[in-house]
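Reproduced below: input.txt, with compact mmCIF, C-alpha atoms.
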# COMPACT_ATOMS: atom_id res chain seq x y z
CA MET A 1 16.49 2.27 -15.52
CA ILE A 2 13.84 1.91 -12.82
CA VAL A 3 11.96 4.98 -11.54
CA ILE A 4 10.54 4.81 -8.02
CA THR A 5 7.80 7.10 -6.71
CA THR A 6 7.17 7.67 -2.98
CA PRO A 7 10.73 6.57 -2.06
CA THR A 8 10.33 7.80 1.53
CA GLY A 9 7.02 6.01 2.15
CA GLN A 10 6.36 2.65 3.80
CA ILE A 11 6.27 0.67 0.57
CA GLY A 12 8.41 2.84 -1.69
CA GLY A 13 11.11 3.22 0.95
CA ARG A 14 11.29 -0.51 1.56
CA LEU A 15 11.31 -1.16 -2.19
CA LEU A 16 14.28 1.17 -2.58
CA GLU A 17 16.14 -0.69 0.19
CA ILE A 18 15.48 -4.02 -1.53
CA LEU A 19 16.62 -2.78 -4.93
CA LEU A 20 19.79 -1.24 -3.54
CA ALA A 21 20.67 -4.52 -1.80
CA ASP A 22 19.65 -6.94 -4.57
CA ARG A 23 22.44 -8.27 -6.80
CA ARG A 24 20.01 -8.28 -9.73
CA THR A 25 19.91 -4.47 -9.56
CA ARG A 26 23.50 -4.22 -10.76
CA GLY A 27 23.40 -2.72 -14.21
CA GLU A 28 20.11 -0.96 -13.43
CA GLU A 29 20.06 2.78 -12.83
CA LEU A 30 17.70 3.81 -10.05
CA ARG A 31 15.91 7.14 -10.21
CA VAL A 32 13.50 8.50 -7.59
CA ILE A 33 10.89 11.24 -7.60
CA VAL A 34 10.71 12.96 -4.22
CA ARG A 35 9.39 16.30 -2.99
CA ASP A 36 12.12 16.71 -0.36
CA PRO A 37 15.43 14.99 -1.19
CA GLY A 38 16.59 15.72 2.35
CA LYS A 39 14.27 12.98 3.59
CA LEU A 40 16.36 10.39 1.75
CA PRO A 41 19.31 9.01 3.74
CA ALA A 42 22.64 10.31 2.47
CA ALA A 43 23.75 6.75 1.65
CA VAL A 44 20.69 6.36 -0.59
CA ARG A 45 21.14 9.72 -2.33
CA ALA A 46 24.65 8.67 -3.28
CA HIS A 47 23.33 5.73 -5.31
CA VAL A 48 20.22 7.09 -7.00
CA ASP A 49 19.36 9.83 -9.46
CA VAL A 50 16.99 12.27 -7.76
CA VAL A 51 14.24 14.20 -9.52
CA THR A 52 12.74 16.77 -7.16
CA GLY A 53 9.01 17.43 -7.24
CA SER A 54 5.61 15.78 -7.18
CA HIS A 55 4.83 12.90 -9.51
CA ASP A 56 1.50 14.45 -10.51
CA ASP A 57 3.44 17.29 -12.16
CA ALA A 58 3.73 16.84 -15.94
CA GLU A 59 7.13 18.54 -16.10
CA VAL A 60 8.48 16.38 -13.26
CA VAL A 61 7.38 13.05 -14.72
CA ASP A 62 8.56 14.14 -18.15
CA ARG A 63 12.08 14.55 -16.74
CA ALA A 64 11.87 11.45 -14.58
CA PHE A 65 10.58 9.03 -17.22
CA ALA A 66 13.06 10.00 -19.94
CA GLY A 67 15.05 6.83 -20.59
CA ALA A 68 13.06 4.78 -18.08
CA ASP A 69 12.45 1.07 -18.68
CA ALA A 70 10.18 0.53 -15.66
CA VAL A 71 8.27 2.62 -13.12
CA PHE A 72 6.95 1.88 -9.65
CA TRP A 73 3.72 3.86 -9.27
CA LEU A 74 2.02 4.69 -5.98
CA VAL A 75 -0.42 7.53 -5.38
CA PRO A 76 0.49 9.22 -2.07
CA SER A 77 -2.06 9.55 0.69
CA THR A 78 -3.63 12.94 1.30
CA THR A 79 -5.96 14.38 3.90
CA GLN A 80 -7.93 16.42 1.39
CA ALA A 81 -9.03 15.97 -2.21
CA PRO A 82 -11.94 17.37 -4.21
CA SER A 83 -12.92 13.83 -5.23
CA LEU A 84 -11.54 10.31 -5.16
CA ASP A 85 -11.25 10.41 -8.94
CA ALA A 86 -9.00 13.46 -8.62
CA MET A 87 -7.00 11.75 -5.87
CA TYR A 88 -6.23 8.65 -7.98
CA SER A 89 -6.88 9.01 -11.73
CA GLY A 90 -6.46 12.78 -11.72
CA PHE A 91 -3.10 12.46 -9.98
CA THR A 92 -2.04 9.78 -12.48
CA ARG A 93 -3.03 11.41 -15.80
CA ALA A 94 0.23 13.29 -16.36
CA ALA A 95 2.21 10.11 -15.69
CA ALA A 96 -0.02 8.07 -18.01
CA LYS A 97 0.73 10.48 -20.83
CA ALA A 98 4.45 10.39 -20.03
CA PHE A 99 4.50 6.56 -20.08
CA THR A 100 3.49 6.76 -23.74
CA THR A 101 5.65 9.75 -24.65
CA HIS A 102 8.81 8.12 -23.30
CA GLY A 103 8.04 4.54 -24.28
CA VAL A 104 8.14 3.19 -20.73
CA GLY A 105 7.86 -0.58 -21.07
CA HIS A 106 6.72 -1.78 -17.65
CA VAL A 107 4.78 -0.22 -14.77
CA VAL A 108 4.07 -1.76 -11.36
CA GLY A 109 1.36 -0.04 -9.33
CA VAL A 110 0.01 -0.35 -5.81
CA SER A 111 -3.72 -1.05 -5.86
CA ALA A 112 -6.26 -3.18 -4.02
CA LEU A 113 -8.25 -6.38 -4.00
CA GLY A 114 -11.87 -6.28 -5.12
CA ARG A 115 -12.00 -6.32 -8.90
CA GLY A 116 -14.87 -8.49 -10.08
CA THR A 117 -16.66 -8.60 -6.71
CA PRO A 118 -20.28 -7.39 -6.38
CA VAL A 119 -19.19 -4.42 -4.25
CA ALA A 120 -16.26 -3.21 -6.39
CA ASP A 121 -18.26 -0.26 -7.74
CA ARG A 122 -19.09 1.14 -4.28
CA ALA A 123 -15.87 0.60 -2.37
CA GLY A 124 -14.59 4.16 -2.04
CA HIS A 125 -10.81 4.31 -2.32
CA VAL A 126 -10.69 0.84 -3.84
CA THR A 127 -13.14 1.74 -6.61
CA ALA A 128 -11.04 4.80 -7.42
CA SER A 129 -7.83 2.78 -7.33
CA LEU A 130 -9.23 0.20 -9.77
CA ALA A 131 -10.21 3.02 -12.14
CA MET A 132 -6.62 4.29 -11.92
CA ASP A 133 -5.40 0.81 -12.88
CA ASP A 134 -7.64 0.92 -15.95
CA LEU A 135 -6.23 4.33 -16.88
CA ILE A 136 -2.65 3.05 -16.73
CA ALA A 137 -3.48 -0.18 -18.55
CA GLY A 138 -5.11 1.86 -21.31
CA THR A 139 -1.78 3.48 -22.20
CA GLY A 140 -0.49 0.21 -23.66
CA VAL A 141 2.33 -0.30 -21.14
CA ALA A 142 2.85 -3.73 -19.62
CA TYR A 143 1.16 -3.18 -16.25
CA ARG A 144 0.84 -5.16 -13.05
CA ALA A 145 -1.37 -3.88 -10.24
CA LEU A 146 -0.40 -5.22 -6.84
CA ALA A 147 -3.84 -6.13 -5.45
CA ASN A 148 -3.60 -5.74 -1.70
CA PRO A 149 -5.82 -6.37 1.32
CA THR A 150 -5.67 -4.42 4.60
CA PHE A 151 -2.10 -3.85 5.75
CA PHE A 152 -0.74 -5.15 9.06
CA ASP A 153 1.04 -1.81 9.23
CA ASN A 154 -2.22 0.11 9.64
CA LEU A 155 -2.15 -0.99 13.28
CA LEU A 156 0.84 1.27 13.86
CA TRP A 157 -1.65 4.17 13.91
CA GLN A 158 -3.04 2.59 17.09
CA ALA A 159 0.29 1.97 18.86
CA ALA A 160 -0.54 4.50 21.60
CA SER A 161 -3.94 2.90 22.25
CA LEU A 162 -2.36 -0.54 22.40
CA ARG A 163 0.29 0.71 24.81
CA ASP A 164 -1.92 2.83 27.06
CA HIS A 165 -5.24 0.96 26.98
CA GLY A 166 -4.64 -2.48 25.47
CA VAL A 167 -7.32 -1.77 22.84
CA PHE A 168 -7.52 -1.55 19.05
CA THR A 169 -10.56 -0.73 16.94
CA GLU A 170 -11.90 -1.52 13.48
CA THR A 171 -15.39 -1.60 11.99
CA GLY A 172 -15.60 -5.29 11.10
CA ALA A 173 -17.15 -8.17 13.04
CA ALA A 174 -14.80 -9.60 15.66
CA ASP A 175 -14.85 -13.09 14.17
CA ARG A 176 -14.77 -12.19 10.46
CA LYS A 177 -11.62 -13.56 8.85
CA ALA A 178 -10.02 -11.77 5.92
CA PRO A 179 -6.62 -11.58 4.21
CA ARG A 180 -4.03 -9.14 5.58
CA ALA A 181 -0.47 -8.49 4.47
CA ALA A 182 2.74 -6.74 5.50
CA THR A 183 3.80 -3.73 3.45
CA ARG A 184 7.32 -5.15 3.24
CA ASP A 185 5.93 -8.13 1.30
CA ILE A 186 4.21 -5.75 -1.10
CA ALA A 187 7.53 -4.01 -1.65
CA ALA A 188 9.22 -7.37 -2.25
CA ALA A 189 6.59 -8.31 -4.83
CA ALA A 190 7.15 -5.00 -6.58
CA ALA A 191 10.91 -5.54 -6.61
CA GLY A 192 10.54 -8.94 -8.23
CA LEU A 193 8.37 -7.56 -11.01
CA LEU A 194 10.59 -4.55 -11.65
CA LEU A 195 13.76 -6.62 -11.90
CA ASP A 196 12.34 -9.45 -14.03
CA ARG A 197 10.56 -7.65 -16.84
CA SER A 198 9.78 -10.71 -18.93
CA TRP A 199 6.04 -10.28 -18.34
CA THR A 200 3.73 -8.62 -20.83
CA GLY A 201 0.16 -7.34 -21.01
CA THR A 202 -1.85 -6.18 -18.04
CA GLY A 203 -3.09 -7.91 -14.92
CA GLU A 204 -3.15 -8.11 -11.14
CA VAL A 205 -0.72 -9.68 -8.69
CA PRO A 206 -2.53 -10.37 -5.39
CA VAL A 207 -0.51 -10.14 -2.16
CA LEU A 208 -2.68 -11.95 0.38
CA GLY A 209 -0.45 -12.70 3.36
CA PRO A 210 -0.05 -16.28 4.60
CA GLU A 211 -3.51 -16.68 6.24
CA ASP A 212 -6.88 -15.06 6.81
CA LEU A 213 -7.23 -13.43 10.22
CA SER A 214 -10.10 -12.00 12.25
CA PRO A 215 -9.83 -9.10 14.72
CA ASN A 216 -10.08 -11.71 17.49
CA ASP A 217 -7.09 -13.52 15.95
CA LEU A 218 -5.15 -10.25 15.87
CA ALA A 219 -5.95 -9.58 19.52
CA ARG A 220 -4.80 -13.05 20.57
CA ILE A 221 -1.51 -12.81 18.71
CA MET A 222 -0.82 -9.26 19.88
CA SER A 223 -1.53 -10.34 23.46
CA ASP A 224 1.07 -13.11 23.15
CA VAL A 225 3.72 -10.91 21.57
CA LEU A 226 3.20 -7.80 23.70
CA GLY A 227 2.87 -9.81 26.91
CA ARG A 228 -0.36 -8.13 28.00
CA PRO A 229 -4.07 -8.55 27.27
CA ILE A 230 -5.16 -6.86 24.05
CA ARG A 231 -8.83 -6.62 23.18
CA TYR A 232 -10.76 -5.64 20.10
CA GLU A 233 -13.53 -3.06 20.17
CA ARG A 234 -15.79 -2.88 17.13
CA GLN A 235 -16.17 0.74 16.08
CA THR A 236 -19.36 2.19 14.63
CA PHE A 237 -19.10 3.98 11.31
CA ASP A 238 -20.10 7.24 13.02
CA ALA A 239 -17.22 6.81 15.46
CA ALA A 240 -14.87 5.98 12.59
CA ARG A 241 -15.97 9.13 10.76
CA ALA A 242 -15.27 11.22 13.86
CA ALA A 243 -11.83 9.61 14.25
CA TYR A 244 -10.90 10.33 10.64
CA THR A 245 -12.08 13.92 10.99
CA GLY A 246 -10.01 14.23 14.15
CA HIS A 247 -6.94 13.24 12.15
CA GLY A 248 -7.61 15.97 9.59
CA LEU A 249 -9.21 13.80 6.90
CA GLU A 250 -12.01 15.60 5.16
CA GLY A 251 -14.91 15.18 2.74
CA PRO A 252 -14.46 12.62 -0.04
CA VAL A 253 -11.32 11.17 1.57
CA THR A 254 -13.17 10.25 4.77
CA GLN A 255 -16.27 9.03 2.93
CA GLY A 256 -14.04 6.92 0.71
CA PHE A 257 -12.56 5.15 3.72
CA LEU A 258 -16.01 4.49 5.19
CA ASP A 259 -17.32 3.12 1.89
CA MET A 260 -14.22 0.92 1.60
CA MET A 261 -14.69 -0.49 5.08
CA ARG A 262 -18.36 -1.27 4.41
CA ALA A 263 -17.37 -3.03 1.20
CA LYS A 264 -14.74 -5.06 3.04
CA ASP A 265 -17.43 -6.17 5.48
CA ASP A 266 -19.45 -7.26 2.42
CA GLY A 267 -16.69 -9.38 0.90
CA LEU A 268 -14.53 -6.96 -1.09
CA ASP A 269 -11.33 -8.83 -0.19
CA ASP A 270 -12.76 -12.33 -0.61
CA GLY A 271 -12.61 -12.61 -4.40
CA VAL A 272 -9.13 -14.15 -4.77
CA ARG A 273 -8.17 -17.62 -3.57
CA ARG A 274 -4.90 -17.99 -1.68
CA THR A 275 -2.35 -20.12 -3.53
CA PRO A 276 1.44 -20.38 -3.31
CA GLN A 277 1.52 -17.64 -5.96
CA THR A 278 -0.88 -15.23 -4.22
CA ALA A 279 0.28 -15.78 -0.63
CA SER A 280 3.04 -13.63 0.88
CA PRO A 281 5.44 -14.87 3.55
CA THR A 282 5.35 -12.56 6.59
CA THR A 283 3.06 -13.86 9.34
CA PHE A 284 1.22 -11.49 11.62
CA ARG A 285 3.17 -12.85 14.60
CA GLU A 286 6.49 -12.13 12.86
CA TRP A 287 5.34 -8.65 11.99
CA CYS A 288 4.23 -7.99 15.58
CA GLU A 289 7.56 -9.14 16.96
CA GLN A 290 9.67 -7.20 14.47
CA VAL A 291 7.61 -4.05 13.84
CA LEU A 292 4.67 -3.54 16.21
CA LYS A 293 6.33 -4.45 19.51
CA PRO A 294 9.22 -1.96 19.08
CA ALA A 295 6.71 0.73 18.07
CA VAL A 296 4.50 0.11 21.11
CA GLN A 297 7.49 0.06 23.45
CA ALA A 298 9.05 3.23 22.00
With the file now loaded, output its structure as structure tokens.
Amino acid sequence: MIVITTPTGQIGGRLLEILLADRRTRGEELRVIVRDPGKLPAAVRAHVDVVTGSHDDAEVVDRAFAGADAVFWLVPSTTQAPSLDAMYSGFTRAAAKAFTTHGVGHVVGVSALGRGTPVADRAGHVTASLAMDDLIAGTGVAYRALANPTFFDNLLWQAASLRDHGVFTETGAADRKAPRAATRDIAAAAAGLLLDRSWTGTGEVPVLGPEDLSPNDLARIMSDVLGRPIRYERQTFDAARAAYTGHGLEGPVTQGFLDMMRAKDDGLDDGVRRTPQTASPTTFREWCEQVLKPAVQA
């Protein structure tokens, strides 16, 4: 049995689609933890066991992990948290105990690039995510952390700006190249690990996308796909803070994003070399054509 957290999210939802469609899933029971089962399509609910609640709740994970062979673990985003430690490790502690109690053999988690880099200890959300990985690994389960760069899909937050003004913003230098990946490739990597549980021990699985891209590269490709000029505007950290606050993000959550972006500017995502094993297949152009363009035109 495979247990999936965040089954209505970008990554968890896509993972569930993959598992339901994959022939290798036959013989595997799928169980999901979800706050609102009504958000799951009826066709999905008919093929999965649903545990209602939050996966930071000890009683919920105790029910969900009973009989589980593998778990997909993702901490949901939140606009408020007393600290980043509470947001990541604090949220995960009940599950970590339940992994041991129920003898869960394999866990696949969503994490980030940066381990071993000089800025890993001051990278906000990434630093907290790496500490969460250590917490899970310390339980003795076989654990793989999907080490991810910035998502292509983050640009969907700026669909209105792209449509109305032809502009997107980030805090990095316009010509600084870095890895980026599609969330659907992260879900596919998770599916592969969950279905082939021959691996042991703990470690990271980087998902780097097929090439490094700069904001200028993104603007050029988006211009081609959207059929209109798109330009990049570098945002100050003060402006980024104001934007996060405007979206309801507060305190440590906002500061964590700012610290993460500074660390990315200082090489947080540059510590892993791209190889056939660490690359992922979806190009930014493909993603723009299949995901961004429909969103901008909606």
Give, as AutoDock Vina command-line options, the centre coordinates and the x, y and z edge lengths in Å to one decimal for an axis-aligned box around all listed atoms of stretch 197-209 of chain A, padded by 6 Å on each side.
--center_x 3.7 --center_y -9.4 --center_z -8.8 --size_x 25.7 --size_y 18.5 --size_z 36.4
Stretch 139-156 of chain A surroundings by all atoms listed in the file, 9 Å radius, close-in-sequence under 2 positions cut, as an MDAnalysis selection string: chainID A and resid 10 96:97 99:100 103:115 130 133:137 158:160 168 178:183 186 189:190 193 199:209 269 284 287:288 291:292 295:296
For A:Leu16, list every protein, DNA or RNA residue within 9 Å, evaluated using only C-alpha atoms, and leave out those in the same chain fewer than 2 positions away; present the list as an MDAnalysis selection string. chainID A and resid 4 7:8 11:14 18:21 30 32 44 187 191
Nearest candidate to A:Leu268 (options A:Ala64, A:Ala70, A:Ala123, A:Ala43; using only C-alpha atoms):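 Using only C-alpha atoms, the shortest distance to A:Leu268 belongs to A:Ala123.
Straight-line separation from atom CA of A:Asp185 to atom CA of A:Pro281: 7.1 Å.
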Kindly indicate which residue among A:Gly271, A:Gly251, A:Gly227, A:Pro118 lies nearest to A:Glu289, using all atoms listed in the file for the distances. A:Gly227
What is the atom CA of A:Arg93-atom CA of A:Val75 distance in Å, reported with one decimal?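 Those two atoms sit 11.4 Å apart.
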For A:His102, which residue out of A:Asp69, A:Pro37, A:Arg23, A:Leu15 is the nearest one, using all atoms listed in the file?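 Nearest candidate to A:His102 out of A:Asp69, A:Pro37, A:Arg23, A:Leu15: A:Asp69.
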Might you pull out every residue within 8 Å of A:Tyr88, with only C-alpha atoms counted and same-chain residues fewer than 3 positions away left off, and present them as a PDB file with C-alpha atoms, in the coordinates of the input?
ATOM      1  CA  VAL A  75      -0.420   7.530  -5.380  1.00  0.00           C
ATOM      2  CA  LEU A  84     -11.540  10.310  -5.160  1.00  0.00           C
ATOM      3  CA  ASP A  85     -11.250  10.410  -8.940  1.00  0.00           C
ATOM      4  CA  PHE A  91      -3.100  12.460  -9.980  1.00  0.00           C
ATOM      5  CA  THR A  92      -2.040   9.780 -12.480  1.00  0.00           C
ATOM      6  CA  ALA A 128     -11.040   4.800  -7.420  1.00  0.00           C
ATOM      7  CA  SER A 129      -7.830   2.780  -7.330  1.00  0.00           C
ATOM      8  CA  MET A 132      -6.620   4.290 -11.920  1.00  0.00           C
TER       9      MET A 132
END
A:Arg163 surroundings by only C-alpha atoms, 10 Å radius, close-in-sequence under 6 positions cut, as a list in words: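 Here the qualifying residues turn out to be Leu226, Arg228, Ile230, Lys293, Ala295, Val296, Gln297 and Ala298 of chain A.
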Selection above as a file: C-alpha atoms, as an mmCIF file, in the frame of the given file:
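Final output, out_6.cif:
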data_model
loop_
_atom_site.group_PDB
_atom_site.id
_atom_site.type_symbol
_atom_site.label_atom_id
_atom_site.label_comp_id
_atom_site.auth_asym_id
_atom_site.auth_seq_id
_atom_site.Cartn_x
_atom_site.Cartn_y
_atom_site.Cartn_z
ATOM 1 C CA LEU A 226 3.200 -7.800 23.700
ATOM 2 C CA ARG A 228 -0.360 -8.130 28.000
ATOM 3 C CA ILE A 230 -5.160 -6.860 24.050
ATOM 4 C CA LYS A 293 6.330 -4.450 19.510
ATOM 5 C CA ALA A 295 6.710 0.730 18.070
ATOM 6 C CA VAL A 296 4.500 0.110 21.110
ATOM 7 C CA GLN A 297 7.490 0.060 23.450
ATOM 8 C CA ALA A 298 9.050 3.230 22.000
#
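In terms of minimum interatomic distance to A:Met87, A:His125 ranks closest within A:His165, A:Arg63, A:Arg26, A:His125, counting only C-alpha atoms.
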N, CA and C atoms modelled onto stretch 140-162 of chain A, as a CSV table (one decimal), in the coordinates of the input:
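See out25.csv below for the written result:
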chain,number,residue,atom,x,y,z
A,140,GLY,N,-1.2,1.2,-22.9
A,140,GLY,CA,-0.5,0.2,-23.7
A,140,GLY,C,0.8,-0.3,-23.0
A,141,VAL,N,1.2,0.2,-21.8
A,141,VAL,CA,2.3,-0.3,-21.1
A,141,VAL,C,2.0,-1.7,-20.6
A,142,ALA,N,3.0,-2.5,-20.4
A,142,ALA,CA,2.8,-3.7,-19.6
A,142,ALA,C,2.6,-3.3,-18.2
A,143,TYR,N,1.5,-3.7,-17.6
A,143,TYR,CA,1.2,-3.2,-16.2
A,143,TYR,C,0.8,-4.3,-15.3
A,144,ARG,N,1.3,-4.3,-14.1
A,144,ARG,CA,0.8,-5.2,-13.0
A,144,ARG,C,0.4,-4.3,-11.8
A,145,ALA,N,-0.8,-4.5,-11.4
A,145,ALA,CA,-1.4,-3.9,-10.2
A,145,ALA,C,-1.2,-4.8,-9.1
A,146,LEU,N,-0.5,-4.4,-8.1
A,146,LEU,CA,-0.4,-5.2,-6.8
A,146,LEU,C,-1.7,-5.1,-6.1
A,147,ALA,N,-2.5,-6.2,-6.0
A,147,ALA,CA,-3.8,-6.1,-5.4
A,147,ALA,C,-3.7,-6.5,-4.0
A,148,ASN,N,-3.9,-5.6,-3.1
A,148,ASN,CA,-3.6,-5.7,-1.7
A,148,ASN,C,-4.8,-5.7,-0.8
A,149,PRO,N,-4.8,-6.5,0.3
A,149,PRO,CA,-5.8,-6.4,1.3
A,149,PRO,C,-5.4,-5.3,2.3
A,150,THR,N,-6.1,-5.3,3.5
A,150,THR,CA,-5.7,-4.4,4.6
A,150,THR,C,-4.2,-4.7,5.0
A,151,PHE,N,-3.5,-3.7,5.3
A,151,PHE,CA,-2.1,-3.8,5.8
A,151,PHE,C,-2.0,-4.1,7.3
A,152,PHE,N,-1.1,-5.0,7.6
A,152,PHE,CA,-0.7,-5.2,9.1
A,152,PHE,C,-0.3,-3.8,9.6
A,153,ASP,N,0.4,-3.1,8.8
A,153,ASP,CA,1.0,-1.8,9.2
A,153,ASP,C,0.0,-0.7,9.6
A,154,ASN,N,-1.2,-0.9,9.2
A,154,ASN,CA,-2.2,0.1,9.6
A,154,ASN,C,-2.4,0.1,11.1
A,155,LEU,N,-2.0,-0.9,11.8
A,155,LEU,CA,-2.2,-1.0,13.3
A,155,LEU,C,-1.2,-0.1,14.0
A,156,LEU,N,-0.1,0.4,13.3
A,156,LEU,CA,0.8,1.3,13.9
A,156,LEU,C,0.2,2.6,14.2
A,157,TRP,N,-0.9,3.0,13.5
A,157,TRP,CA,-1.6,4.2,13.9
A,157,TRP,C,-2.3,4.0,15.3
A,158,GLN,N,-2.4,2.8,15.8
A,158,GLN,CA,-3.0,2.6,17.1
A,158,GLN,C,-2.0,2.1,18.2
A,159,ALA,N,-0.7,2.4,17.9
A,159,ALA,CA,0.3,2.0,18.9
A,159,ALA,C,0.1,2.6,20.2
A,160,ALA,N,-0.3,3.8,20.3
A,160,ALA,CA,-0.5,4.5,21.6
A,160,ALA,C,-1.7,3.9,22.3
A,161,SER,N,-2.8,3.5,21.6
A,161,SER,CA,-3.9,2.9,22.2
A,161,SER,C,-3.6,1.5,22.8
A,162,LEU,N,-2.8,0.8,22.0
A,162,LEU,CA,-2.4,-0.5,22.4
A,162,LEU,C,-1.5,-0.4,23.6
